[in-house]
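Here is the structure we will look at.
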Amino acid sequence: MQSISPETIYRGNSAWEKSLPQITKLTKSPIILGRGIHTNNLRNKIFIDLKNHNLRVKSANLQFDCCYEDISRVKEIISKNNHDSIIAAGGGKVLDSGKYIAECLNIPCVSVPLSASTCAGWTALSNIYTKDGQFIKDVSLKSCPKILVYDHKFIQTAPSRTLASGIADALAKWYESSITSSTIDDGLVQQAIQISRVLRDQLLIDGEKAFKSEFENNSSWRNTIEACGLTAGLIGGIGGEKCRTAAAHAIHNAITQIITPNKFLHGEIVGVGLLLQLRLEEMKNNNKLADQSIKQLLVLMKELNLPTTIRQLGINVFENNNLEKIADFTCREKSEIHFLPFEIHKQDIVEVIANFEKQKIKT
Ligand SMILES: [Zn+2]
């Protein structure tokens with residue numbers, strides 16, 4: 001069984017308002033799930049709108065990440081108050097928690113992404129972290145959210161850093177799926193991979209303009225946020241498990257194991273992982289195009305103020321055994337790194353990261 005997309009998608013400038021009649025039919029007592037203070041105003045608006053439609057509505061905030069501590073706490077609040085749906089309004093961690101909790105309690109989830117930082121508003125997948133932000137595992141869910149509300153006015157209020165992060169995460173789709181799934185003889189998977197190529201091209205064309213632009217009436221911005229928040233999700237939906245993540249996400253997951261004082265966004269870390277994946281392809285698979293891809297991506301990533309080394313993520317890999325720790329986690333038994341069509345050993349990761357970080361110090 002494969003859940004390809006949310007049952008209903010509202011998109012555009014008044015998506016939230018347009019979704020209200022359906023939401024009020026779906027639920028009588030929703031809980032609004034969120035996290036960050038800077039999105040409080042938007043959640044207040046959602047709260048008031050729902051209240052004005054005579055719904056019995058409450059709010060709850062995550063204290064940490066999409067972690068078991070928060071998940072249990074919110075589950076209890078929902079059970080105690082008999083809520084009949086979750087409206088997850090926030091970034092990827094909030095959306096992932098909302099979807100996961102809704103599935104556990106067998107109630108519908110409405111996802112309302114408040115930035116373009118991930119495609120979590122679309123997918124039937126939740127990534128679980130520790131409360132310190134260390135990746136634990138991803139969980140496949142039975143279904144995508146019941147309703148996805150992709151309101152451009154909400155997305156406009158997000159810091160531009162979230163858009164850059166979303167672009168890096170969406171770009172990874174092509175580089176990861178094309179290498180892991182290119183030998184799969186399944187038309188739908190092949191088509192999903194081709195969509196990810198078009199998505200990459202569109203981001204290479206429009207990404208920088210979208211990042212630097214004013215929003216209103218700007219088609220680059222609109223296309224880019226929808227590429228990151230919707231198309232990237234669709235690729236996961238059509239391609240399913242076979243349209244896989246590979247080294248970029250495996251390295252992301254490993255980097256999150258090192259706890260740093262400054263938190264970085266998912267796509268910011270995936271972007272660094274993507275550059276490292278391409279170096280691995282060059283080194284282990286003799287991929288001559290990988291170096292070209294790195295150069296092309298670096299130009300865009302610099303324009304988007306994205307980190308391009310692990311050092312820029314606040315981690316010195318040459319201290320505290322960090323390089324070992326990252327290589328160990330990247331190559332652990334269940335890691336996505338093993339979806340690569342060539343064998344990867346811990347020493348390869350150590351070598352590629354060490355070279356990359358040293359080279360970057362010099363330049
Ligand atoms: Zn991702």
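Letters A, B, ... mark the chains of the structure tokens in the order given; residue numbers begin at 1 per chain; ligand numbers begin at 1, in order shown.
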Can you pull out every residue within 8 Å of stretch 16-32 of chain A, counting only C-alpha atoms, but drop anything in the same chain fewer than 4 positions away, and send it as a PyMOL selection string?
chain A and resi 10+43+47+50+53+55-60+78+82-89+149-151
Hey, what's within 9 Å of stretch 270-278 of chain A if we count only C-alpha atoms and toss same-chain stuff fewer than 2 positions away? As a PyMOL selection string, please?
chain A and resi 165+167-169+171-172+175-176+246-253+255+265-268+280-283+287+289-291+293-294+297-298+301+306-310+313+349+352-353+356
Store the residues picked out above in a file with C-alpha atoms, as a PDB file, in the first residue's frame.
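Produced file result.pdb, reproduced below:
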```pdb
ATOM      1  CA  SER A 165      17.039  25.068   3.704  1.00  0.00           C
ATOM      2  CA  ILE A 167      15.824  24.332  -1.522  1.00  0.00           C
ATOM      3  CA  ALA A 168      18.823  22.279  -0.352  1.00  0.00           C
ATOM      4  CA  ASP A 169      16.562  19.463   0.880  1.00  0.00           C
ATOM      5  CA  LEU A 171      17.714  19.477  -4.529  1.00  0.00           C
ATOM      6  CA  ALA A 172      18.897  16.351  -2.725  1.00  0.00           C
ATOM      7  CA  TYR A 175      20.970  13.403  -6.495  1.00  0.00           C
ATOM      8  CA  GLU A 176      19.841  10.763  -4.014  1.00  0.00           C
ATOM      9  CA  ALA A 246      20.976   7.993   0.121  1.00  0.00           C
ATOM     10  CA  ALA A 247      24.217   9.441   1.405  1.00  0.00           C
ATOM     11  CA  ALA A 248      23.132  13.071   1.793  1.00  0.00           C
ATOM     12  CA  HIS A 249      20.474  12.130   4.358  1.00  0.00           C
ATOM     13  CA  ALA A 250      22.621   9.415   5.945  1.00  0.00           C
ATOM     14  CA  ILE A 251      25.337  12.003   6.568  1.00  0.00           C
ATOM     15  CA  HIS A 252      22.705  14.471   7.818  1.00  0.00           C
ATOM     16  CA  ASN A 253      21.497  11.894  10.316  1.00  0.00           C
ATOM     17  CA  ILE A 255      25.902  14.977  11.838  1.00  0.00           C
ATOM     18  CA  LEU A 265      17.872  23.369   9.928  1.00  0.00           C
ATOM     19  CA  HIS A 266      17.336  19.959   8.306  1.00  0.00           C
ATOM     20  CA  GLY A 267      18.055  21.143   4.748  1.00  0.00           C
ATOM     21  CA  GLU A 268      21.114  23.125   5.828  1.00  0.00           C
ATOM     22  CA  LEU A 280      31.944   9.860  -2.493  1.00  0.00           C
ATOM     23  CA  GLU A 281      30.513   9.175  -5.939  1.00  0.00           C
ATOM     24  CA  GLU A 282      33.605  10.666  -7.496  1.00  0.00           C
ATOM     25  CA  MET A 283      35.940   8.689  -5.266  1.00  0.00           C
ATOM     26  CA  ASN A 287      31.634   9.546 -11.397  1.00  0.00           C
ATOM     27  CA  LEU A 289      30.190  14.447 -13.410  1.00  0.00           C
ATOM     28  CA  ALA A 290      30.170  14.672  -9.629  1.00  0.00           C
ATOM     29  CA  ASP A 291      32.815  17.378  -9.489  1.00  0.00           C
ATOM     30  CA  SER A 293      27.717  19.030  -9.860  1.00  0.00           C
ATOM     31  CA  ILE A 294      29.610  20.127  -6.745  1.00  0.00           C
ATOM     32  CA  LEU A 297      25.758  23.475  -6.321  1.00  0.00           C
ATOM     33  CA  LEU A 298      28.413  25.508  -4.498  1.00  0.00           C
ATOM     34  CA  MET A 301      24.547  27.428  -2.013  1.00  0.00           C
ATOM     35  CA  LEU A 306      23.857  27.897   3.017  1.00  0.00           C
ATOM     36  CA  PRO A 307      26.651  26.194   4.959  1.00  0.00           C
ATOM     37  CA  THR A 308      28.959  24.180   2.697  1.00  0.00           C
ATOM     38  CA  THR A 309      31.155  22.443   5.281  1.00  0.00           C
ATOM     39  CA  ILE A 310      30.623  20.606   8.547  1.00  0.00           C
ATOM     40  CA  LEU A 313      27.579  23.764  10.982  1.00  0.00           C
ATOM     41  CA  ILE A 349      33.563   8.398   5.027  1.00  0.00           C
ATOM     42  CA  VAL A 352      36.073  11.960   2.199  1.00  0.00           C
ATOM     43  CA  ILE A 353      35.076  14.185   5.125  1.00  0.00           C
ATOM     44  CA  PHE A 356      36.706  17.938   2.244  1.00  0.00           C
TER      45      PHE A 356
END
```
Counting only C-alpha atoms and all ligand atoms, the option among A:Ser143, A:Asn41, A:Thr118, A:Ser160 closest to ligand 1:
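Distance minimum relative to ligand 1 lands on A:Thr118.
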Counting only C-alpha atoms and all ligand atoms, which residue out of A:Arg35, A:Lys263, A:Lys173, A:Arg311 sits closest to ligand 1?
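Using only C-alpha atoms and all ligand atoms, ligand 1 sits closest to A:Lys173.
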What's the separation between atom CA of A:Asp65 and atom CA of A:Lys131, in Å to one decimal place?
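Atom CA of A:Lys131 lies 5.6 Å from atom CA of A:Asp65.
Comparing A:Leu125, A:Cys109, A:Ile71, A:Met1 by their smallest distance to ligand 1, the closest is A:Leu125 (using only C-alpha atoms and all ligand atoms).
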Could you pull out all residues of stretch 67-153 of chain A with a DSSP call of helix (DSSP H, G or I) and give them as a PyMOL selection string?
chain A and resi 68-81+92-105+152-153
Using only C-alpha atoms, which of A:Leu163, A:Leu141, A:Leu234, A:Leu62 sits nearest A:Ser126?
A:Leu141
Using Å and a single decimal, report how far atom CA of A:Cys243 sits from atom CA of A:Tyr129.
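So the two atoms, atom CA of A:Tyr129 and atom CA of A:Cys243, lie 22.5 Å apart.
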